[in-house]
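Asker: Next comes the structure file entry.cif, holding mmCIF, C-alpha atoms.
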```cif
data_my_file
loop_
_atom_site.group_PDB
_atom_site.id
_atom_site.type_symbol
_atom_site.label_atom_id
_atom_site.label_comp_id
_atom_site.auth_asym_id
_atom_site.auth_seq_id
_atom_site.Cartn_x
_atom_site.Cartn_y
_atom_site.Cartn_z
ATOM 1 C CA MET H 202 3.227 18.631 13.989
ATOM 2 C CA GLY H 203 2.786 15.034 12.811
ATOM 3 C CA LYS H 204 5.173 12.431 11.450
ATOM 4 C CA TYR H 205 6.201 12.093 7.818
ATOM 5 C CA PHE H 206 7.340 8.980 5.957
ATOM 6 C CA PHE H 207 8.952 8.778 2.512
ATOM 7 C CA SER H 208 10.369 5.866 0.545
ATOM 8 C CA GLU H 209 11.261 4.979 -3.019
ATOM 9 C CA THR H 210 11.397 1.420 -4.339
ATOM 10 C CA GLU H 211 12.070 -0.165 -7.708
ATOM 11 C CA ILE H 212 10.840 -3.649 -8.560
ATOM 12 C CA LYS H 213 11.941 -5.601 -11.592
ATOM 13 C CA ASN H 214 8.561 -6.215 -13.161
ATOM 14 C CA PRO H 215 6.796 -4.284 -15.937
ATOM 15 C CA TRP H 216 4.238 -1.705 -14.853
ATOM 16 C CA GLU H 217 1.365 -3.506 -16.577
ATOM 17 C CA LEU H 218 1.997 -6.638 -14.483
ATOM 18 C CA VAL H 219 2.342 -4.610 -11.281
ATOM 19 C CA LEU H 220 -0.929 -2.797 -12.072
ATOM 20 C CA THR H 221 -2.782 -6.083 -12.583
ATOM 21 C CA ALA H 222 -1.317 -7.481 -9.357
ATOM 22 C CA PHE H 223 -2.336 -4.316 -7.468
ATOM 23 C CA TRP H 224 -6.030 -5.091 -8.065
ATOM 24 C CA GLN H 225 -5.541 -8.722 -7.020
ATOM 25 C CA ARG H 226 -3.511 -8.259 -3.831
ATOM 26 C CA TYR H 227 -6.181 -9.513 -1.427
ATOM 27 C CA PRO H 228 -6.347 -11.976 0.098
ATOM 28 C CA ASN H 229 -2.684 -12.869 0.570
ATOM 29 C CA PRO H 230 -0.661 -14.454 3.402
ATOM 30 C CA TYR H 231 0.576 -11.050 4.574
ATOM 31 C CA SER H 232 -2.822 -9.310 4.800
ATOM 32 C CA SER H 233 -4.598 -11.006 7.695
ATOM 33 C CA HIS H 234 -5.354 -7.500 9.073
ATOM 34 C CA VAL H 235 -7.449 -6.715 5.946
ATOM 35 C CA LEU H 236 -10.994 -7.931 6.625
ATOM 36 C CA THR H 237 -13.078 -6.616 3.703
ATOM 37 C CA GLU H 238 -12.653 -4.858 0.355
ATOM 38 C CA ASP H 239 -15.482 -3.139 -1.546
ATOM 39 C CA VAL H 240 -15.569 -1.033 -4.711
ATOM 40 C CA LEU H 241 -17.686 2.075 -4.086
ATOM 41 C CA PHE H 242 -17.162 3.840 -7.378
ATOM 42 C CA ARG H 243 -15.362 3.276 -10.707
ATOM 43 C CA GLU H 244 -15.448 5.033 -14.046
ATOM 44 C CA VAL H 245 -13.372 5.887 -17.102
ATOM 45 C CA THR H 246 -13.187 9.659 -17.572
ATOM 46 C CA SER H 247 -13.238 11.611 -20.823
ATOM 47 C CA GLU H 248 -9.422 11.863 -20.475
ATOM 48 C CA ASN H 249 -9.270 8.040 -20.530
ATOM 49 C CA LEU H 250 -8.334 7.796 -16.840
ATOM 50 C CA LEU H 251 -9.649 4.955 -14.690
ATOM 51 C CA VAL H 252 -10.872 6.511 -11.429
ATOM 52 C CA SER H 253 -11.828 4.237 -8.530
ATOM 53 C CA ARG H 254 -12.808 4.489 -4.886
ATOM 54 C CA ARG H 255 -12.617 1.449 -2.603
ATOM 55 C CA LEU H 256 -13.477 0.876 1.049
ATOM 56 C CA PHE H 257 -11.386 -1.447 3.215
ATOM 57 C CA THR H 258 -12.025 -2.706 6.728
ATOM 58 C CA LYS H 259 -8.856 -3.447 8.679
ATOM 59 C CA THR H 260 -8.004 -4.368 12.241
ATOM 60 C CA ASN H 261 -6.113 -1.806 14.279
ATOM 61 C CA ARG H 262 -4.340 -3.307 17.283
ATOM 62 C CA LEU H 263 -3.136 -0.670 19.735
ATOM 63 C CA PRO H 264 -0.027 -0.975 21.907
ATOM 64 C CA ARG H 265 -0.699 -2.310 25.419
ATOM 65 C CA TRP H 266 -0.303 1.060 27.113
ATOM 66 C CA ALA H 267 -2.879 2.589 24.757
ATOM 67 C CA GLU H 268 -5.356 -0.282 25.200
ATOM 68 C CA ARG H 269 -5.654 0.660 28.880
ATOM 69 C CA ILE H 270 -6.771 4.140 27.846
ATOM 70 C CA PHE H 271 -8.771 3.160 24.734
ATOM 71 C CA PRO H 272 -10.091 -0.367 25.470
ATOM 72 C CA GLY H 273 -11.839 -2.624 22.966
ATOM 73 C CA ARG H 274 -11.088 -4.230 19.629
ATOM 74 C CA ARG H 275 -10.934 -1.708 16.806
ATOM 75 C CA SER H 276 -11.849 -1.963 13.152
ATOM 76 C CA VAL H 277 -10.713 0.868 10.928
ATOM 77 C CA TYR H 278 -12.435 1.934 7.717
ATOM 78 C CA ILE H 279 -10.012 3.004 4.998
ATOM 79 C CA ILE H 280 -10.908 4.911 1.839
ATOM 80 C CA GLU H 281 -8.642 4.426 -1.180
ATOM 81 C CA ASP H 282 -8.913 6.728 -4.201
ATOM 82 C CA SER H 283 -6.922 5.714 -7.272
ATOM 83 C CA VAL H 284 -6.249 7.030 -10.755
ATOM 84 C CA VAL H 285 -4.818 4.876 -13.552
ATOM 85 C CA ASP H 286 -3.252 6.787 -16.452
ATOM 86 C CA LEU H 287 -2.461 4.273 -19.195
ATOM 87 C CA SER H 288 -0.889 6.816 -21.541
ATOM 88 C CA ASN H 289 1.699 7.789 -18.910
ATOM 89 C CA ARG H 290 1.874 4.306 -17.351
ATOM 90 C CA SER H 291 1.121 5.554 -13.860
ATOM 91 C CA LEU H 292 -1.090 4.559 -10.945
ATOM 92 C CA THR H 293 -1.620 7.081 -8.152
ATOM 93 C CA THR H 294 -3.396 6.147 -4.919
ATOM 94 C CA MET H 295 -4.447 8.171 -1.885
ATOM 95 C CA THR H 296 -5.704 6.417 1.247
ATOM 96 C CA TRP H 297 -6.896 7.638 4.644
ATOM 97 C CA ASN H 298 -8.855 6.363 7.640
ATOM 98 C CA VAL H 299 -12.385 7.691 8.067
ATOM 99 C CA ASN H 300 -12.918 6.661 11.700
ATOM 100 C CA HIS H 301 -10.755 6.951 14.829
ATOM 101 C CA SER H 302 -9.196 9.970 13.130
ATOM 102 C CA LYS H 303 -8.944 11.919 16.399
ATOM 103 C CA LEU H 304 -6.903 9.082 17.908
ATOM 104 C CA MET H 305 -4.725 8.763 14.805
ATOM 105 C CA ARG H 306 -4.986 9.975 11.234
ATOM 106 C CA VAL H 307 -2.892 8.296 8.538
ATOM 107 C CA VAL H 308 -2.873 9.649 4.984
ATOM 108 C CA GLU H 309 -0.834 7.757 2.399
ATOM 109 C CA ARG H 310 0.022 8.615 -1.209
ATOM 110 C CA CYS H 311 1.602 6.071 -3.564
ATOM 111 C CA VAL H 312 2.695 6.486 -7.176
ATOM 112 C CA PHE H 313 3.516 3.458 -9.328
ATOM 113 C CA THR H 314 5.272 4.519 -12.527
ATOM 114 C CA GLY H 315 6.512 2.470 -15.459
ATOM 115 C CA GLU H 316 10.045 3.512 -16.387
ATOM 116 C CA GLN H 317 10.337 4.594 -20.008
ATOM 117 C CA ASP H 318 13.988 3.675 -20.523
ATOM 118 C CA ARG H 319 13.701 0.436 -18.518
ATOM 119 C CA PRO H 320 10.345 -1.128 -19.482
ATOM 120 C CA VAL H 321 10.725 -4.123 -17.142
ATOM 121 C CA TRP H 322 11.098 -1.919 -14.044
ATOM 122 C CA THR H 323 8.429 -0.159 -11.983
ATOM 123 C CA HIS H 324 9.225 2.759 -9.692
ATOM 124 C CA ILE H 325 7.159 3.164 -6.510
ATOM 125 C CA THR H 326 7.096 6.324 -4.412
ATOM 126 C CA ARG H 327 5.340 6.147 -1.054
ATOM 127 C CA GLN H 328 4.540 9.052 1.296
ATOM 128 C CA ALA H 329 2.580 9.093 4.549
ATOM 129 C CA TRP H 330 1.472 11.749 7.018
ATOM 130 C CA ILE H 331 0.617 10.598 10.547
ATOM 131 C CA SER H 332 -1.076 12.810 13.132
ATOM 132 C CA SER H 333 -3.024 12.550 16.379
ATOM 133 C CA GLY H 334 -5.470 14.869 18.099
ATOM 134 C CA VAL H 335 -5.182 13.327 21.576
ATOM 135 C CA PHE H 336 -3.960 16.058 23.902
ATOM 136 C CA GLY H 337 -0.893 15.064 25.877
ATOM 137 C CA LEU H 338 -0.443 11.755 24.064
ATOM 138 C CA SER H 339 -0.108 12.829 20.447
ATOM 139 C CA ARG H 340 3.670 12.355 20.313
ATOM 140 C CA PRO H 341 3.798 8.684 21.475
ATOM 141 C CA ILE H 342 0.733 7.866 19.367
ATOM 142 C CA GLN H 343 2.407 9.366 16.295
ATOM 143 C CA GLU H 344 5.633 7.462 17.047
ATOM 144 C CA PHE H 345 3.628 4.245 17.304
ATOM 145 C CA GLY H 346 1.761 5.089 14.089
ATOM 146 C CA LEU H 347 5.020 5.634 12.202
ATOM 147 C CA ALA H 348 6.444 2.303 13.402
ATOM 148 C CA ARG H 349 3.184 0.514 12.536
ATOM 149 C CA PHE H 350 3.073 2.110 9.087
ATOM 150 C CA ARG H 351 6.653 1.062 8.382
ATOM 151 C CA SER H 352 5.814 -2.546 9.311
ATOM 152 C CA ASN H 353 2.597 -2.549 7.282
ATOM 153 C CA GLN H 354 4.212 -1.146 4.145
ATOM 154 C CA LEU H 355 6.737 -3.998 4.190
ATOM 155 C CA LYS H 356 3.823 -6.443 4.412
ATOM 156 C CA ALA H 357 2.102 -4.574 1.564
ATOM 157 C CA MET H 358 5.162 -5.056 -0.658
ATOM 158 C CA LYS H 359 5.298 -8.761 0.181
ATOM 159 C CA GLY H 360 1.590 -9.034 -0.608
ATOM 160 C CA LEU H 361 2.126 -7.303 -3.963
ATOM 161 C CA GLU H 362 5.017 -9.651 -4.790
ATOM 162 C CA HIS H 363 2.801 -12.604 -3.845
ATOM 163 C CA ALA H 364 0.128 -11.407 -6.300
ATOM 164 C CA ILE H 365 2.779 -10.901 -9.001
ATOM 165 C CA SER H 366 4.068 -14.442 -8.422
ATOM 166 C CA ASN H 367 0.548 -15.857 -8.791
ATOM 167 C CA LEU H 368 0.046 -14.003 -12.066
ATOM 168 C CA GLN H 369 3.370 -15.257 -13.390
ATOM 169 C CA LYS H 370 2.418 -18.846 -12.548
ATOM 170 C CA VAL H 371 -0.911 -18.467 -14.358
ATOM 171 C CA SER H 372 0.849 -16.916 -17.359
ATOM 172 C CA SER H 373 3.389 -19.758 -17.482
ATOM 173 C CA SER H 374 0.593 -22.319 -17.302
ATOM 174 C CA CYS H 375 -1.374 -20.616 -20.082
ATOM 175 C CA HIS H 376 1.705 -20.627 -22.332
ATOM 176 C CA GLY H 377 2.244 -24.343 -21.757
ATOM 177 C CA GLU H 378 5.315 -23.886 -19.589
ATOM 178 C CA SER H 379 6.023 -26.229 -16.697
ATOM 179 C CA ALA H 380 4.444 -25.198 -13.393
ATOM 180 C CA GLU H 381 7.650 -26.481 -11.808
ATOM 181 C CA LYS H 382 9.581 -23.503 -13.187
ATOM 182 C CA PRO H 383 7.769 -20.277 -12.256
ATOM 183 C CA LYS H 384 9.791 -17.098 -12.257
ATOM 184 C CA ASN H 385 11.332 -16.589 -8.835
ATOM 185 C CA VAL H 386 9.631 -13.474 -7.507
ATOM 186 C CA ASN H 387 12.377 -13.002 -4.913
ATOM 187 C CA SER H 388 14.902 -12.433 -7.675
ATOM 188 C CA ALA H 389 12.682 -11.156 -10.473
ATOM 189 C CA ALA H 390 10.871 -8.726 -8.195
ATOM 190 C CA LYS H 391 13.875 -7.935 -6.063
ATOM 191 C CA ASN H 392 13.451 -4.554 -4.446
ATOM 192 C CA THR H 393 16.040 -1.863 -4.847
ATOM 193 C CA GLN H 394 15.180 0.007 -1.666
ATOM 194 C CA LYS H 395 16.407 3.564 -1.378
ATOM 195 C CA PRO H 396 16.928 5.138 2.049
ATOM 196 C CA GLN H 397 13.684 5.945 3.865
ATOM 197 C CA GLN H 398 13.108 9.276 5.517
ATOM 198 C CA TYR H 399 11.405 9.761 8.853
ATOM 199 C CA ILE H 400 10.678 13.096 10.465
#
```
With the file now loaded, output its structure as structure tokens.
Answerer:
Amino acid sequence: MGKYFFSETEIKNPWELVLTAFWQRYPNPYSSHVLTEDVLFREVTSENLLVSRRLFTKTNRLPRWAERIFPGRRSVYIIEDSVVDLSNRSLTTMTWNVNHSKLMRVVERCVFTGEQDRPVWTHITRQAWISSGVFGLSRPIQEFGLARFRSNQLKAMKGLEHAISNLQKVSSSCHGESAEKPKNVNSAAKNTQKPQQYI
């Protein structure tokens, strides 16, 4: 049995801004582990859904004890499928690694939803399933994977906030506002973090 991660977050920014920032996250100061990003497929369906598939290349540093067993620098290929539903103001993503899956498999599902009664807030639900097929070492590998995922999702949120801040600065500039007074993303996009669950 693998490890499970669950978290819920609310950020004080409208869903439309968060959606735009989602596509412009990379590069950012918190994503040095993300090496490449490529769009493999994108279309608008007959139901007016935007369906995309992207491929990411990321570094995957192992703990020191694991590097003795699995030596060498590792690059991991990540597939991300996403569906944008404008009518329901939702973005759903599913990501998973396509190589090194016997060593560790990480599947993540995120849902970004615009709140109907609070239009300036976006609700984010994040789930992850972490497993390993290495006999005798699956438990410590899964524990490491859970800790790594927790660290990376915090970096992902900071990267998203960075992209939001950049968009707000551009918007202020376009509207003739002073570049000296951008909206403070630390207060405007302050996270209301609900308790995370680990199993």
Asker: Have a look at H:Thr237, H:Ser247, H:Gln225, H:Asn214 and name the one nearest to Asn367 in chain H; count only C-alpha atoms.
Answerer: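 Using only C-alpha atoms, the shortest distance to Asn367 in chain H belongs to H:Gln225.
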Asker: Please list as a list in words every residue within 6 Å of Gly315 in chain H, counting all atoms listed in the file and excluding residues in the same chain fewer than 6 positions away.
Answerer: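 Returned residues: Trp216, Arg290 and Thr323 of chain H.
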Asker: The PyMOL selection byres ((chain H and resi 298) around 9) - which residues does that actually catch in the file I just gave you? List them as a PyMOL selection string.
Answerer: chain H and resi 277-280+296-297+299-302+305-308
Asker: Would you mind exporting the chosen residues as an mmCIF file, in the frame of the given file, restricted to C-alpha atoms?
Answerer:
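Written file, selection09.cif:
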```
data_model
loop_
_atom_site.group_PDB
_atom_site.id
_atom_site.type_symbol
_atom_site.label_atom_id
_atom_site.label_comp_id
_atom_site.auth_asym_id
_atom_site.auth_seq_id
_atom_site.Cartn_x
_atom_site.Cartn_y
_atom_site.Cartn_z
ATOM 1 C CA VAL H 277 -10.713 0.868 10.928
ATOM 2 C CA TYR H 278 -12.435 1.934 7.717
ATOM 3 C CA ILE H 279 -10.012 3.004 4.998
ATOM 4 C CA ILE H 280 -10.908 4.911 1.839
ATOM 5 C CA THR H 296 -5.704 6.417 1.247
ATOM 6 C CA TRP H 297 -6.896 7.638 4.644
ATOM 7 C CA VAL H 299 -12.385 7.691 8.067
ATOM 8 C CA ASN H 300 -12.918 6.661 11.700
ATOM 9 C CA HIS H 301 -10.755 6.951 14.829
ATOM 10 C CA SER H 302 -9.196 9.970 13.130
ATOM 11 C CA MET H 305 -4.725 8.763 14.805
ATOM 12 C CA ARG H 306 -4.986 9.975 11.234
ATOM 13 C CA VAL H 307 -2.892 8.296 8.538
ATOM 14 C CA VAL H 308 -2.873 9.649 4.984
#
```
Asker: Would you list the contacts of Gly203 in chain H as a ChimeraX atom specification, taking every protein, DNA or RNA residue within 7 Å and counting all atoms listed in the file, but skipping same-chain residues closer than 5 positions in sequence?
Answerer: /H:330-332,343
Asker: Residues within 9 Å of Thr221 in chain H, please, as JSON, numbers by chain. Count all atoms listed in the file; anything in the same chain fewer than 3 positions from it doesn't count.
Answerer: {"H": [216, 217, 218, 224, 225, 364, 365, 368]}
Asker: To one decimal place, how far is CA of Lys359 in chain H from CA of Ser333 in chain H in Å?
Answerer: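 CA of Lys359 in chain H sits 28.0 Å away from CA of Ser333 in chain H.
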Asker: Can you tell me how far CA of Val245 in chain H sits from CA of Leu220 in chain H, in Å to one decimal?
Answerer: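 Result for CA of Val245 in chain H versus CA of Leu220 in chain H: 16.0 Å, one decimal.
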Asker: For the structure provided, state which residues fall under the PyMOL selection byres ((chain H and resi 282) around 6), and present them as a PyMOL selection string.
Answerer: chain H and resi 253-254+281+283+294-295
Asker: Expressed in Å to a single decimal, how great is the separation between CA of Asn229 in chain H and CA of Thr258 in chain H?
Answerer: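 Calculated distance between CA of Asn229 in chain H and CA of Thr258 in chain H is 15.1 Å.
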Asker: Using the chain letters and numbers from this file, what does the PyMOL selection byres ((chain H and resi 289) around 10) select? Give the answer as a list in words.
Answerer: Val285, Asp286, Leu287, Ser288, Arg290, Ser291, Leu292, Thr314, Gly315, Glu316 and Gln317 of chain H
Asker: Taking all atoms listed in the file into account, name the residue in H:Thr260, H:Thr210, H:Thr293, H:Ser373 that is nearest to Leu355 in chain H.
Answerer: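 Of the candidates, the smallest distance to Leu355 in chain H is held by H:Thr210.
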Asker: Using only C-alpha atoms, which of H:Met358, H:Gly337, H:Ile325, H:Ser276 sits nearest Arg310 in chain H?
Answerer: H:Ile325
Asker: Nearest residue to Leu338 in chain H out of H:Ser352, H:Val219, H:Lys303, H:Gln369, using all atoms listed in the file?
Answerer: H:Lys303
Asker: Can you work out which one of H:Leu304, H:Tyr231, H:Leu236, H:Arg265 has the shortest atom-to-atom distance to Phe336 in chain H, counting only C-alpha atoms?
Answerer: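 For Phe336 in chain H, the nearest of the candidates is H:Leu304.
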